[in-house]
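See below for the structure under consideration.
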Amino acid sequence: MTHPYVFDIQKFSVHDGPGIRTIIFLKGCPMKCQWCANPESQQSGPEVMAHPDKCIGCGKCSEVCESPFDLRGNQLREESNCKNCGACAKVCYAGARTLTGRKMTVQEVIAEADKDMIFYKQSGGGVTFSGGEAMLYPEFVSQVTAHYKELGISTAVETCGDVPWENFEAVIPNLELVLFDLKLMDSRLHEKYTGRPNERILENLRRTAKQVETIVRMPIIPTINDDDENIKAVGTFLESLKGKVKEIHILPYHNYGMSKYQGLGKAYPLKDLRAPDSTHMERIQNKLRKHGVEVVIGG
């Protein structure tokens with residue numbers, strides 16, 4: 001079994017499923033969405049992330065680095081040289097360099113999530129896998145979710161859907177809820193902005209919705225997927241799944257992850273894009289409701 005790298009375990013979340021939840025974020029994703037808020041989740045292995053505002057200029061990182069770099073302008077990371085070995089993070093007591101991602105076993109993840117069992121039971125909450133793309137690791141996710149299903153605890157997965165159907169078949173029996181991302185209906189545009197076409201995604205969504213409670217999530221990215229043509233196509237598609245998809249959550253774009261791109265030495269593709277205002281979000285909500293689907297802003 002492949003043991004994924006976990007880059008975050010978020011406690012006391014009231015999103016990504018009912019009640020109070022623990023969200024387990026796994027590294028690795030088949031997509032490279034231009035608006036991704038967690039760029040550290042895209043690669044499957046660990047990555048060094050720089051936090052220049054914390055740097056005190058002690059030079060400890062450069063002393064242990066196998067691929068020499070300099071500190072000009074407090075720029076801590078040269079992406080072309082970094083091997084992501086993490087040696088610099090170990091000696092950086094100021095926290096200006098961190099290593100994102102650590103391998104965890106099924107037992108280690110369960111032990112961490114079990115610490116909040118009382119909150120799951122009191123609130124009807126549970127455990128959600130996110131990423132990255134958690135469905136890249138079906139055996140791992142299936143074992144953890146099976147543990148909680150047996151205990152009567154809510155289980156959920158957030159997915160981009162771009163994995164073989166066999167991965168879903170392995171996990172769905174242990175799930176109470178699937179949060180399924182839907183971005184663009186035009187496959188050519190989908191590939192342009194995410195790096196992947198969408199035919200497999202749409203087919204997996206159709207099949208998933210027939211087997212387990214499914215909530216569709218759609219990020220609203222101004223100038224990319226908020227035009228009338230795409231909104232109408234999304235509404236028509238969901239109309240064909242009437243009675244299968246519980247609701248769609250439309251999520252306004254934000255650029256909160258921009259500093260993470262800088263820390264990874266990557267350019268943020270949408271740096272000039274502004275978040276949609278509430279009026280625009282309500283307009284999209286009303287358009288989708290005309291197709292007979294329940295639409296929630298946020299979620």
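Residue names in the structure tokens use chain letters A, B, ... in the order shown, residue numbers from 1 in each chain, and ligand numbers from 1 in the order shown.
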DSSP on the backbone: which residues in region 1-193 of chain A end up as strand (DSSP E)? Give the answer as an mmCIF file with all heavy atoms, in the first residue's frame.
data_model
loop_
_atom_site.group_PDB
_atom_site.id
_atom_site.type_symbol
_atom_site.label_atom_id
_atom_site.label_comp_id
_atom_site.auth_asym_id
_atom_site.auth_seq_id
_atom_site.Cartn_x
_atom_site.Cartn_y
_atom_site.Cartn_z
ATOM 1 N N TYR A 5 1.997 11.313 1.610
ATOM 2 C CA TYR A 5 2.492 12.374 2.478
ATOM 3 C C TYR A 5 1.320 13.238 2.914
ATOM 4 O O TYR A 5 0.524 13.685 2.085
ATOM 5 C CB TYR A 5 3.532 13.230 1.751
ATOM 6 C CG TYR A 5 4.886 12.567 1.621
ATOM 7 C CD1 TYR A 5 5.182 11.748 0.537
ATOM 8 C CD2 TYR A 5 5.869 12.752 2.595
ATOM 9 C CE1 TYR A 5 6.424 11.135 0.426
ATOM 10 C CE2 TYR A 5 7.106 12.141 2.489
ATOM 11 C CZ TYR A 5 7.382 11.336 1.407
ATOM 12 O OH TYR A 5 8.612 10.728 1.302
ATOM 13 N N VAL A 6 1.218 13.465 4.206
ATOM 14 C CA VAL A 6 0.179 14.328 4.772
ATOM 15 C C VAL A 6 0.789 15.706 4.962
ATOM 16 O O VAL A 6 1.843 15.840 5.589
ATOM 17 C CB VAL A 6 -0.314 13.779 6.126
ATOM 18 C CG1 VAL A 6 -1.351 14.718 6.737
ATOM 19 C CG2 VAL A 6 -0.885 12.369 5.955
ATOM 20 N N PHE A 7 0.134 16.748 4.405
ATOM 21 C CA PHE A 7 0.717 18.075 4.593
ATOM 22 C C PHE A 7 -0.040 18.920 5.601
ATOM 23 O O PHE A 7 0.432 19.984 6.002
ATOM 24 C CB PHE A 7 0.859 18.819 3.256
ATOM 25 C CG PHE A 7 -0.421 19.342 2.645
ATOM 26 C CD1 PHE A 7 -0.869 20.629 2.918
ATOM 27 C CD2 PHE A 7 -1.145 18.571 1.761
ATOM 28 C CE1 PHE A 7 -2.015 21.121 2.339
ATOM 29 C CE2 PHE A 7 -2.286 19.057 1.163
ATOM 30 C CZ PHE A 7 -2.734 20.335 1.457
ATOM 31 N N ASP A 8 -1.197 18.439 6.060
ATOM 32 C CA ASP A 8 -1.894 19.173 7.116
ATOM 33 C C ASP A 8 -2.989 18.282 7.694
ATOM 34 O O ASP A 8 -3.579 17.457 6.984
ATOM 35 C CB ASP A 8 -2.517 20.461 6.571
ATOM 36 C CG ASP A 8 -2.985 21.405 7.673
ATOM 37 O OD1 ASP A 8 -2.575 21.213 8.842
ATOM 38 O OD2 ASP A 8 -3.752 22.331 7.383
ATOM 39 N N ILE A 9 -3.249 18.423 8.965
ATOM 40 C CA ILE A 9 -4.416 17.830 9.619
ATOM 41 C C ILE A 9 -5.105 18.965 10.358
ATOM 42 O O ILE A 9 -4.572 19.496 11.328
ATOM 43 C CB ILE A 9 -4.036 16.699 10.585
ATOM 44 C CG1 ILE A 9 -3.399 15.545 9.814
ATOM 45 C CG2 ILE A 9 -5.264 16.211 11.336
ATOM 46 C CD1 ILE A 9 -3.005 14.359 10.673
ATOM 47 N N GLN A 10 -6.255 19.333 9.858
ATOM 48 C CA GLN A 10 -6.979 20.500 10.376
ATOM 49 C C GLN A 10 -8.070 20.039 11.335
ATOM 50 O O GLN A 10 -8.972 19.301 10.964
ATOM 51 C CB GLN A 10 -7.598 21.282 9.210
ATOM 52 C CG GLN A 10 -8.359 22.533 9.616
ATOM 53 C CD GLN A 10 -8.899 23.256 8.397
ATOM 54 O OE1 GLN A 10 -8.214 23.430 7.407
ATOM 55 N NE2 GLN A 10 -10.152 23.655 8.470
ATOM 56 N N LYS A 11 -7.989 20.508 12.561
ATOM 57 C CA LYS A 11 -8.950 20.110 13.596
ATOM 58 C C LYS A 11 -10.088 21.138 13.721
ATOM 59 O O LYS A 11 -9.963 22.284 13.327
ATOM 60 C CB LYS A 11 -8.241 19.994 14.944
ATOM 61 C CG LYS A 11 -7.091 18.990 14.988
ATOM 62 C CD LYS A 11 -7.595 17.562 14.798
ATOM 63 C CE LYS A 11 -6.526 16.541 15.136
ATOM 64 N NZ LYS A 11 -6.279 16.404 16.570
ATOM 65 N N PHE A 12 -11.190 20.691 14.281
ATOM 66 C CA PHE A 12 -12.340 21.543 14.617
ATOM 67 C C PHE A 12 -12.875 22.310 13.406
ATOM 68 O O PHE A 12 -13.279 23.462 13.516
ATOM 69 C CB PHE A 12 -11.984 22.523 15.747
ATOM 70 C CG PHE A 12 -11.542 21.843 16.998
ATOM 71 C CD1 PHE A 12 -10.206 21.818 17.348
ATOM 72 C CD2 PHE A 12 -12.451 21.185 17.813
ATOM 73 C CE1 PHE A 12 -9.777 21.165 18.498
ATOM 74 C CE2 PHE A 12 -12.035 20.527 18.967
ATOM 75 C CZ PHE A 12 -10.707 20.522 19.316
ATOM 76 N N SER A 13 -12.881 21.666 12.255
ATOM 77 C CA SER A 13 -13.443 22.293 11.066
ATOM 78 C C SER A 13 -14.962 22.118 11.072
ATOM 79 O O SER A 13 -15.479 21.064 11.462
ATOM 80 C CB SER A 13 -12.868 21.660 9.793
ATOM 81 O OG SER A 13 -13.511 22.162 8.642
ATOM 82 N N ARG A 21 -15.307 18.489 12.378
ATOM 83 C CA ARG A 21 -14.577 17.489 11.614
ATOM 84 C C ARG A 21 -13.063 17.667 11.729
ATOM 85 O O ARG A 21 -12.569 18.762 12.045
ATOM 86 C CB ARG A 21 -14.978 17.549 10.132
ATOM 87 C CG ARG A 21 -16.478 17.532 9.902
ATOM 88 C CD ARG A 21 -16.834 17.343 8.456
ATOM 89 N NE ARG A 21 -16.528 16.005 7.971
ATOM 90 C CZ ARG A 21 -17.309 14.946 8.181
ATOM 91 N NH1 ARG A 21 -18.419 15.060 8.869
ATOM 92 N NH2 ARG A 21 -16.968 13.752 7.696
ATOM 93 N N THR A 22 -12.373 16.588 11.427
ATOM 94 C CA THR A 22 -10.933 16.620 11.215
ATOM 95 C C THR A 22 -10.698 16.428 9.720
ATOM 96 O O THR A 22 -11.190 15.459 9.137
ATOM 97 C CB THR A 22 -10.225 15.512 12.002
ATOM 98 O OG1 THR A 22 -10.354 15.775 13.408
ATOM 99 C CG2 THR A 22 -8.743 15.461 11.647
ATOM 100 N N ILE A 23 -9.973 17.367 9.104
ATOM 101 C CA ILE A 23 -9.687 17.297 7.677
ATOM 102 C C ILE A 23 -8.241 16.842 7.501
ATOM 103 O O ILE A 23 -7.317 17.464 8.024
ATOM 104 C CB ILE A 23 -9.892 18.650 6.978
ATOM 105 C CG1 ILE A 23 -11.173 19.339 7.479
ATOM 106 C CG2 ILE A 23 -9.913 18.471 5.462
ATOM 107 C CD1 ILE A 23 -12.436 18.584 7.201
ATOM 108 N N ILE A 24 -8.062 15.770 6.758
ATOM 109 C CA ILE A 24 -6.730 15.211 6.513
ATOM 110 C C ILE A 24 -6.345 15.533 5.074
ATOM 111 O O ILE A 24 -6.991 15.066 4.127
ATOM 112 C CB ILE A 24 -6.727 13.692 6.747
ATOM 113 C CG1 ILE A 24 -7.165 13.394 8.188
ATOM 114 C CG2 ILE A 24 -5.344 13.105 6.478
ATOM 115 C CD1 ILE A 24 -7.673 11.994 8.394
ATOM 116 N N PHE A 25 -5.307 16.340 4.908
ATOM 117 C CA PHE A 25 -4.881 16.807 3.592
ATOM 118 C C PHE A 25 -3.695 15.975 3.099
ATOM 119 O O PHE A 25 -2.647 15.943 3.738
ATOM 120 C CB PHE A 25 -4.472 18.279 3.653
ATOM 121 C CG PHE A 25 -5.610 19.224 3.946
ATOM 122 C CD1 PHE A 25 -5.981 19.505 5.248
ATOM 123 C CD2 PHE A 25 -6.300 19.838 2.915
ATOM 124 C CE1 PHE A 25 -7.019 20.378 5.526
ATOM 125 C CE2 PHE A 25 -7.342 20.718 3.174
ATOM 126 C CZ PHE A 25 -7.705 20.984 4.481
ATOM 127 N N LEU A 26 -3.864 15.332 1.954
ATOM 128 C CA LEU A 26 -2.828 14.492 1.369
ATOM 129 C C LEU A 26 -2.181 15.183 0.174
ATOM 130 O O LEU A 26 -2.854 15.862 -0.599
ATOM 131 C CB LEU A 26 -3.417 13.151 0.922
ATOM 132 C CG LEU A 26 -4.199 12.351 1.974
ATOM 133 C CD1 LEU A 26 -4.646 11.017 1.393
ATOM 134 C CD2 LEU A 26 -3.370 12.135 3.234
ATOM 135 N N GLU A 47 8.093 19.104 0.207
ATOM 136 C CA GLU A 47 8.660 20.300 -0.417
ATOM 137 C C GLU A 47 9.074 21.292 0.654
ATOM 138 O O GLU A 47 8.381 21.456 1.660
ATOM 139 C CB GLU A 47 7.640 20.973 -1.332
ATOM 140 C CG GLU A 47 7.237 20.163 -2.542
ATOM 141 C CD GLU A 47 6.104 20.826 -3.298
ATOM 142 O OE1 GLU A 47 4.933 20.583 -2.947
ATOM 143 O OE2 GLU A 47 6.385 21.594 -4.241
ATOM 144 N N VAL A 48 10.180 21.970 0.400
ATOM 145 C CA VAL A 48 10.614 23.047 1.287
ATOM 146 C C VAL A 48 9.846 24.310 0.929
ATOM 147 O O VAL A 48 9.737 24.679 -0.237
ATOM 148 C CB VAL A 48 12.128 23.295 1.162
ATOM 149 C CG1 VAL A 48 12.527 24.549 1.934
ATOM 150 C CG2 VAL A 48 12.900 22.087 1.670
ATOM 151 N N MET A 49 9.308 24.956 1.951
ATOM 152 C CA MET A 49 8.605 26.216 1.753
ATOM 153 C C MET A 49 9.299 27.307 2.555
ATOM 154 O O MET A 49 9.637 27.103 3.726
ATOM 155 C CB MET A 49 7.141 26.117 2.167
ATOM 156 C CG MET A 49 6.349 27.405 1.938
ATOM 157 S SD MET A 49 4.586 27.242 2.324
ATOM 158 C CE MET A 49 4.026 26.240 0.955
ATOM 159 N N ALA A 50 9.530 28.434 1.916
ATOM 160 C CA ALA A 50 10.197 29.557 2.576
ATOM 161 C C ALA A 50 9.177 30.552 3.106
ATOM 162 O O ALA A 50 8.117 30.753 2.519
ATOM 163 C CB ALA A 50 11.126 30.251 1.588
ATOM 164 N N ARG A 97 12.028 28.440 7.139
ATOM 165 C CA ARG A 97 11.963 27.336 6.180
ATOM 166 C C ARG A 97 11.284 26.149 6.844
ATOM 167 O O ARG A 97 11.650 25.766 7.961
ATOM 168 C CB ARG A 97 13.369 26.935 5.712
ATOM 169 C CG ARG A 97 13.930 27.845 4.633
ATOM 170 C CD ARG A 97 15.351 27.465 4.254
ATOM 171 N NE ARG A 97 15.730 28.218 3.058
ATOM 172 C CZ ARG A 97 15.742 27.726 1.827
ATOM 173 N NH1 ARG A 97 15.382 26.485 1.626
ATOM 174 N NH2 ARG A 97 16.100 28.470 0.802
ATOM 175 N N THR A 98 10.302 25.598 6.166
ATOM 176 C CA THR A 98 9.593 24.435 6.684
ATOM 177 C C THR A 98 9.517 23.377 5.594
ATOM 178 O O THR A 98 9.573 23.692 4.401
ATOM 179 C CB THR A 98 8.173 24.803 7.140
ATOM 180 O OG1 THR A 98 7.465 25.416 6.047
ATOM 181 C CG2 THR A 98 8.205 25.762 8.327
ATOM 182 N N LEU A 99 9.381 22.130 6.012
ATOM 183 C CA LEU A 99 9.222 21.039 5.073
ATOM 184 C C LEU A 99 7.770 20.592 5.123
ATOM 185 O O LEU A 99 7.278 20.137 6.159
ATOM 186 C CB LEU A 99 10.148 19.875 5.429
ATOM 187 C CG LEU A 99 10.203 18.727 4.405
ATOM 188 C CD1 LEU A 99 10.826 19.213 3.089
ATOM 189 C CD2 LEU A 99 11.003 17.554 4.958
ATOM 190 N N THR A 100 7.059 20.758 4.004
ATOM 191 C CA THR A 100 5.644 20.389 3.963
ATOM 192 C C THR A 100 5.493 18.950 3.499
ATOM 193 O O THR A 100 6.010 18.573 2.456
ATOM 194 C CB THR A 100 4.859 21.307 3.012
ATOM 195 O OG1 THR A 100 5.362 21.152 1.680
ATOM 196 C CG2 THR A 100 5.004 22.750 3.421
ATOM 197 N N ARG A 102 4.652 14.874 5.404
ATOM 198 C CA ARG A 102 5.326 13.798 6.123
ATOM 199 C C ARG A 102 4.540 12.507 5.925
ATOM 200 O O ARG A 102 3.305 12.520 5.874
ATOM 201 C CB ARG A 102 5.459 14.100 7.622
ATOM 202 C CG ARG A 102 4.138 14.266 8.363
ATOM 203 C CD ARG A 102 4.365 14.731 9.775
ATOM 204 N NE ARG A 102 3.135 14.963 10.509
ATOM 205 C CZ ARG A 102 2.687 14.177 11.498
ATOM 206 N NH1 ARG A 102 3.386 13.110 11.850
ATOM 207 N NH2 ARG A 102 1.565 14.453 12.128
ATOM 208 N N LYS A 103 5.266 11.418 5.780
ATOM 209 C CA LYS A 103 4.604 10.144 5.597
ATOM 210 C C LYS A 103 3.940 9.712 6.895
ATOM 211 O O LYS A 103 4.539 9.802 7.973
ATOM 212 C CB LYS A 103 5.601 9.078 5.137
ATOM 213 C CG LYS A 103 5.820 9.055 3.639
ATOM 214 C CD LYS A 103 6.529 7.796 3.196
ATOM 215 C CE LYS A 103 6.606 7.729 1.670
ATOM 216 N NZ LYS A 103 7.260 6.494 1.207
ATOM 217 N N GLY A 126 -17.102 14.192 11.935
ATOM 218 C CA GLY A 126 -16.287 13.048 11.590
ATOM 219 C C GLY A 126 -15.005 13.428 10.879
ATOM 220 O O GLY A 126 -14.423 14.487 11.147
ATOM 221 N N VAL A 127 -14.600 12.596 9.945
ATOM 222 C CA VAL A 127 -13.312 12.728 9.281
ATOM 223 C C VAL A 127 -13.526 12.928 7.785
ATOM 224 O O VAL A 127 -14.314 12.216 7.160
ATOM 225 C CB VAL A 127 -12.445 11.481 9.526
ATOM 226 C CG1 VAL A 127 -11.157 11.535 8.712
ATOM 227 C CG2 VAL A 127 -12.130 11.349 11.015
ATOM 228 N N THR A 128 -12.809 13.907 7.223
ATOM 229 C CA THR A 128 -12.845 14.170 5.789
ATOM 230 C C THR A 128 -11.436 14.124 5.228
ATOM 231 O O THR A 128 -10.520 14.691 5.814
ATOM 232 C CB THR A 128 -13.462 15.554 5.496
ATOM 233 O OG1 THR A 128 -14.805 15.597 5.978
ATOM 234 C CG2 THR A 128 -13.469 15.841 4.000
ATOM 235 N N PHE A 129 -11.280 13.452 4.100
ATOM 236 C CA PHE A 129 -10.010 13.470 3.376
ATOM 237 C C PHE A 129 -10.072 14.523 2.279
ATOM 238 O O PHE A 129 -11.054 14.619 1.542
ATOM 239 C CB PHE A 129 -9.711 12.104 2.751
ATOM 240 C CG PHE A 129 -9.050 11.144 3.692
ATOM 241 C CD1 PHE A 129 -9.793 10.205 4.391
ATOM 242 C CD2 PHE A 129 -7.670 11.185 3.882
ATOM 243 C CE1 PHE A 129 -9.183 9.311 5.253
ATOM 244 C CE2 PHE A 129 -7.051 10.296 4.749
ATOM 245 C CZ PHE A 129 -7.802 9.359 5.436
ATOM 246 N N SER A 130 -8.992 15.300 2.174
ATOM 247 C CA SER A 130 -8.897 16.315 1.136
ATOM 248 C C SER A 130 -7.474 16.300 0.599
ATOM 249 O O SER A 130 -6.723 15.362 0.823
ATOM 250 C CB SER A 130 -9.278 17.694 1.708
ATOM 251 O OG SER A 130 -9.372 18.655 0.694
ATOM 252 N N SER A 154 -19.121 9.871 10.894
ATOM 253 C CA SER A 154 -19.253 10.389 9.530
ATOM 254 C C SER A 154 -17.919 10.378 8.786
ATOM 255 O O SER A 154 -16.878 10.759 9.328
ATOM 256 C CB SER A 154 -19.802 11.827 9.576
ATOM 257 O OG SER A 154 -19.696 12.451 8.320
ATOM 258 N N THR A 155 -17.965 9.966 7.524
ATOM 259 C CA THR A 155 -16.773 9.946 6.676
ATOM 260 C C THR A 155 -17.060 10.652 5.368
ATOM 261 O O THR A 155 -18.151 10.534 4.808
ATOM 262 C CB THR A 155 -16.339 8.498 6.376
ATOM 263 O OG1 THR A 155 -17.430 7.791 5.770
ATOM 264 C CG2 THR A 155 -15.903 7.779 7.633
ATOM 265 N N ALA A 156 -16.082 11.391 4.874
ATOM 266 C CA ALA A 156 -16.266 12.131 3.624
ATOM 267 C C ALA A 156 -14.942 12.262 2.892
ATOM 268 O O ALA A 156 -13.869 12.166 3.498
ATOM 269 C CB ALA A 156 -16.842 13.526 3.905
ATOM 270 N N VAL A 157 -15.032 12.479 1.590
ATOM 271 C CA VAL A 157 -13.866 12.743 0.758
ATOM 272 C C VAL A 157 -14.182 13.908 -0.162
ATOM 273 O O VAL A 157 -15.268 13.969 -0.746
ATOM 274 C CB VAL A 157 -13.473 11.507 -0.087
ATOM 275 C CG1 VAL A 157 -12.491 11.899 -1.193
ATOM 276 C CG2 VAL A 157 -12.853 10.430 0.783
ATOM 277 N N GLU A 158 -13.239 14.832 -0.273
ATOM 278 C CA GLU A 158 -13.326 15.882 -1.287
ATOM 279 C C GLU A 158 -12.435 15.462 -2.444
ATOM 280 O O GLU A 158 -11.271 15.095 -2.249
ATOM 281 C CB GLU A 158 -12.867 17.226 -0.742
ATOM 282 C CG GLU A 158 -12.971 18.326 -1.792
ATOM 283 C CD GLU A 158 -12.477 19.667 -1.296
ATOM 284 O OE1 GLU A 158 -11.867 19.728 -0.215
ATOM 285 O OE2 GLU A 158 -12.692 20.658 -2.013
ATOM 286 N N THR A 159 -12.969 15.524 -3.673
ATOM 287 C CA THR A 159 -12.220 15.010 -4.811
ATOM 288 C C THR A 159 -12.389 15.873 -6.051
ATOM 289 O O THR A 159 -13.444 16.475 -6.264
ATOM 290 C CB THR A 159 -12.666 13.566 -5.147
ATOM 291 O OG1 THR A 159 -11.946 13.085 -6.288
ATOM 292 C CG2 THR A 159 -14.158 13.487 -5.439
ATOM 293 N N LEU A 177 -20.367 10.706 2.518
ATOM 294 C CA LEU A 177 -20.518 11.894 1.687
ATOM 295 C C LEU A 177 -19.310 12.059 0.776
ATOM 296 O O LEU A 177 -18.174 11.812 1.186
ATOM 297 C CB LEU A 177 -20.642 13.137 2.588
ATOM 298 C CG LEU A 177 -20.660 14.511 1.917
ATOM 299 C CD1 LEU A 177 -21.924 14.702 1.090
ATOM 300 C CD2 LEU A 177 -20.542 15.614 2.967
ATOM 301 N N VAL A 178 -19.577 12.487 -0.476
ATOM 302 C CA VAL A 178 -18.517 12.877 -1.393
ATOM 303 C C VAL A 178 -18.735 14.326 -1.795
ATOM 304 O O VAL A 178 -19.839 14.717 -2.195
ATOM 305 C CB VAL A 178 -18.494 11.994 -2.660
ATOM 306 C CG1 VAL A 178 -17.497 12.547 -3.680
ATOM 307 C CG2 VAL A 178 -18.136 10.560 -2.304
ATOM 308 N N LEU A 179 -17.694 15.133 -1.643
ATOM 309 C CA LEU A 179 -17.690 16.524 -2.089
ATOM 310 C C LEU A 179 -16.938 16.549 -3.409
ATOM 311 O O LEU A 179 -15.725 16.368 -3.436
ATOM 312 C CB LEU A 179 -17.008 17.412 -1.039
ATOM 313 C CG LEU A 179 -17.622 17.343 0.360
ATOM 314 C CD1 LEU A 179 -16.658 17.901 1.395
ATOM 315 C CD2 LEU A 179 -18.949 18.077 0.413
ATOM 316 N N PHE A 180 -17.667 16.732 -4.503
ATOM 317 C CA PHE A 180 -17.118 16.517 -5.834
ATOM 318 C C PHE A 180 -16.943 17.854 -6.549
ATOM 319 O O PHE A 180 -17.897 18.576 -6.787
ATOM 320 C CB PHE A 180 -18.080 15.619 -6.634
ATOM 321 C CG PHE A 180 -17.410 14.825 -7.715
ATOM 322 C CD1 PHE A 180 -17.366 13.441 -7.639
ATOM 323 C CD2 PHE A 180 -16.837 15.443 -8.815
ATOM 324 C CE1 PHE A 180 -16.757 12.683 -8.638
ATOM 325 C CE2 PHE A 180 -16.225 14.705 -9.809
ATOM 326 C CZ PHE A 180 -16.181 13.323 -9.717
ATOM 327 N N ASP A 181 -15.703 18.173 -6.915
ATOM 328 C CA ASP A 181 -15.412 19.441 -7.582
ATOM 329 C C ASP A 181 -15.872 19.419 -9.037
ATOM 330 O O ASP A 181 -15.681 18.424 -9.744
ATOM 331 C CB ASP A 181 -13.912 19.723 -7.557
ATOM 332 C CG ASP A 181 -13.376 19.947 -6.159
ATOM 333 O OD1 ASP A 181 -14.188 20.091 -5.233
ATOM 334 O OD2 ASP A 181 -12.142 19.965 -5.991
#
Which parts of region 76-266 of chain A does DSSP call helix (DSSP H, G or I) when run on the backbone here, written out as a PyMOL selection string? chain A and resi 87-91+106-123+134-136+138-150+165-174+187-194+199-209+228-239+258-263
I want to know what sits within 8 Å of Lys287 (chain A), based on only C-alpha atoms, with residues of the same chain fewer than 2 positions away left out; could you give that as number ranges by chain? A: 231-232, 235, 283-285, 289-291
Dump N, CA and C atoms for the selected residues as a short mmCIF file (atom, residue, chain, number, x, y, z; two decimals), in the first residue's frame?
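As a result, selection-v2.cif now contains:
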data_model
loop_
_atom_site.label_atom_id
_atom_site.label_comp_id
_atom_site.auth_asym_id
_atom_site.auth_seq_id
_atom_site.Cartn_x
_atom_site.Cartn_y
_atom_site.Cartn_z
N ILE A 231 -22.11 28.54 -16.87
CA ILE A 231 -23.10 28.39 -15.80
C ILE A 231 -24.32 27.62 -16.31
N LYS A 232 -24.76 27.93 -17.52
CA LYS A 232 -25.90 27.21 -18.10
C LYS A 232 -25.56 25.75 -18.31
N GLY A 235 -25.61 23.96 -15.00
CA GLY A 235 -27.00 23.76 -14.57
C GLY A 235 -27.68 22.64 -15.34
N ARG A 283 -26.14 36.31 -8.36
CA ARG A 283 -26.63 36.22 -9.73
C ARG A 283 -26.40 34.80 -10.27
N ILE A 284 -25.22 34.25 -10.01
CA ILE A 284 -24.92 32.89 -10.44
C ILE A 284 -25.82 31.89 -9.71
N GLN A 285 -26.02 32.14 -8.43
CA GLN A 285 -26.90 31.27 -7.64
C GLN A 285 -28.30 31.21 -8.26
N ARG A 289 -30.30 27.98 -9.93
CA ARG A 289 -31.56 27.54 -9.33
C ARG A 289 -32.65 27.34 -10.37
N LYS A 290 -32.54 28.01 -11.48
CA LYS A 290 -33.53 27.85 -12.55
C LYS A 290 -33.51 26.44 -13.13
N HIS A 291 -32.42 25.72 -12.86
CA HIS A 291 -32.31 24.35 -13.35
C HIS A 291 -32.81 23.34 -12.30
#
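Remark: for Asp162 (chain A), the closest of the candidate residues A:Gly45, A:Gly59, A:Gly132, A:Pro30 is A:Pro30 (distances computed over only C-alpha atoms).
Our summary of the geometry notes that CA of Asp114 (chain A) is positioned 20.9 Å from CA of Pro173 (chain A).
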If we count only C-alpha atoms, what is near Met281 (chain A) at a cut-off of 12 Å, once residues fewer than 2 positions away on the same chain are taken out, given as a count of residues only? 28
Which of these residues is nearest to Asp16 (chain A), using only C-alpha atoms: A:Ala134, A:Ala146, A:Ile215, A:Leu184? A:Ile215
Find the residues around Ser44 (chain A) up to 8 Å (only C-alpha atoms counted), leave out those fewer than 6 positions away in its own chain, and share them as a short mmCIF file (atom, residue, chain, number, x, y, z; two decimals) with all heavy atoms, in the first residue's frame.
data_model
loop_
_atom_site.label_atom_id
_atom_site.label_comp_id
_atom_site.auth_asym_id
_atom_site.auth_seq_id
_atom_site.Cartn_x
_atom_site.Cartn_y
_atom_site.Cartn_z
N PRO A 4 0.75 7.90 1.65
CA PRO A 4 0.89 9.26 1.12
C PRO A 4 1.56 10.19 2.12
O PRO A 4 1.67 9.88 3.31
CB PRO A 4 -0.56 9.69 0.88
CG PRO A 4 -1.34 8.92 1.90
CD PRO A 4 -0.64 7.58 2.02
N TYR A 5 2.00 11.31 1.61
CA TYR A 5 2.49 12.37 2.48
C TYR A 5 1.32 13.24 2.91
O TYR A 5 0.52 13.69 2.09
CB TYR A 5 3.53 13.23 1.75
CG TYR A 5 4.89 12.57 1.62
CD1 TYR A 5 5.18 11.75 0.54
CD2 TYR A 5 5.87 12.75 2.60
CE1 TYR A 5 6.42 11.14 0.43
CE2 TYR A 5 7.11 12.14 2.49
CZ TYR A 5 7.38 11.34 1.41
OH TYR A 5 8.61 10.73 1.30
N LYS A 27 -0.88 14.98 0.01
CA LYS A 27 -0.16 15.57 -1.11
C LYS A 27 -0.31 14.73 -2.37
O LYS A 27 -0.41 13.52 -2.31
CB LYS A 27 1.32 15.73 -0.77
CG LYS A 27 1.61 16.93 0.14
CD LYS A 27 3.08 17.03 0.50
CE LYS A 27 3.99 17.32 -0.67
NZ LYS A 27 3.75 18.64 -1.29
N GLY A 28 -0.28 15.43 -3.51
CA GLY A 28 -0.38 14.79 -4.80
C GLY A 28 -1.71 15.08 -5.47
O GLY A 28 -2.77 14.87 -4.86
N CYS A 29 -1.66 15.59 -6.70
CA CYS A 29 -2.89 15.90 -7.43
C CYS A 29 -2.62 15.78 -8.92
O CYS A 29 -1.57 16.23 -9.40
CB CYS A 29 -3.38 17.31 -7.10
SG CYS A 29 -4.98 17.71 -7.86
#
With distances taken over only C-alpha atoms, which residue among A:Lys192, A:Glu63, A:Ile20, A:Lys32 lies nearest Asp116 (chain A)? A:Ile20
Rank nothing, just name the residue among A:Cys33, A:Val293, A:Leu270, A:Ile56 nearest to Ser240 (chain A), using only C-alpha atoms.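 For Ser240 (chain A), the nearest of the given residues is A:Val293.
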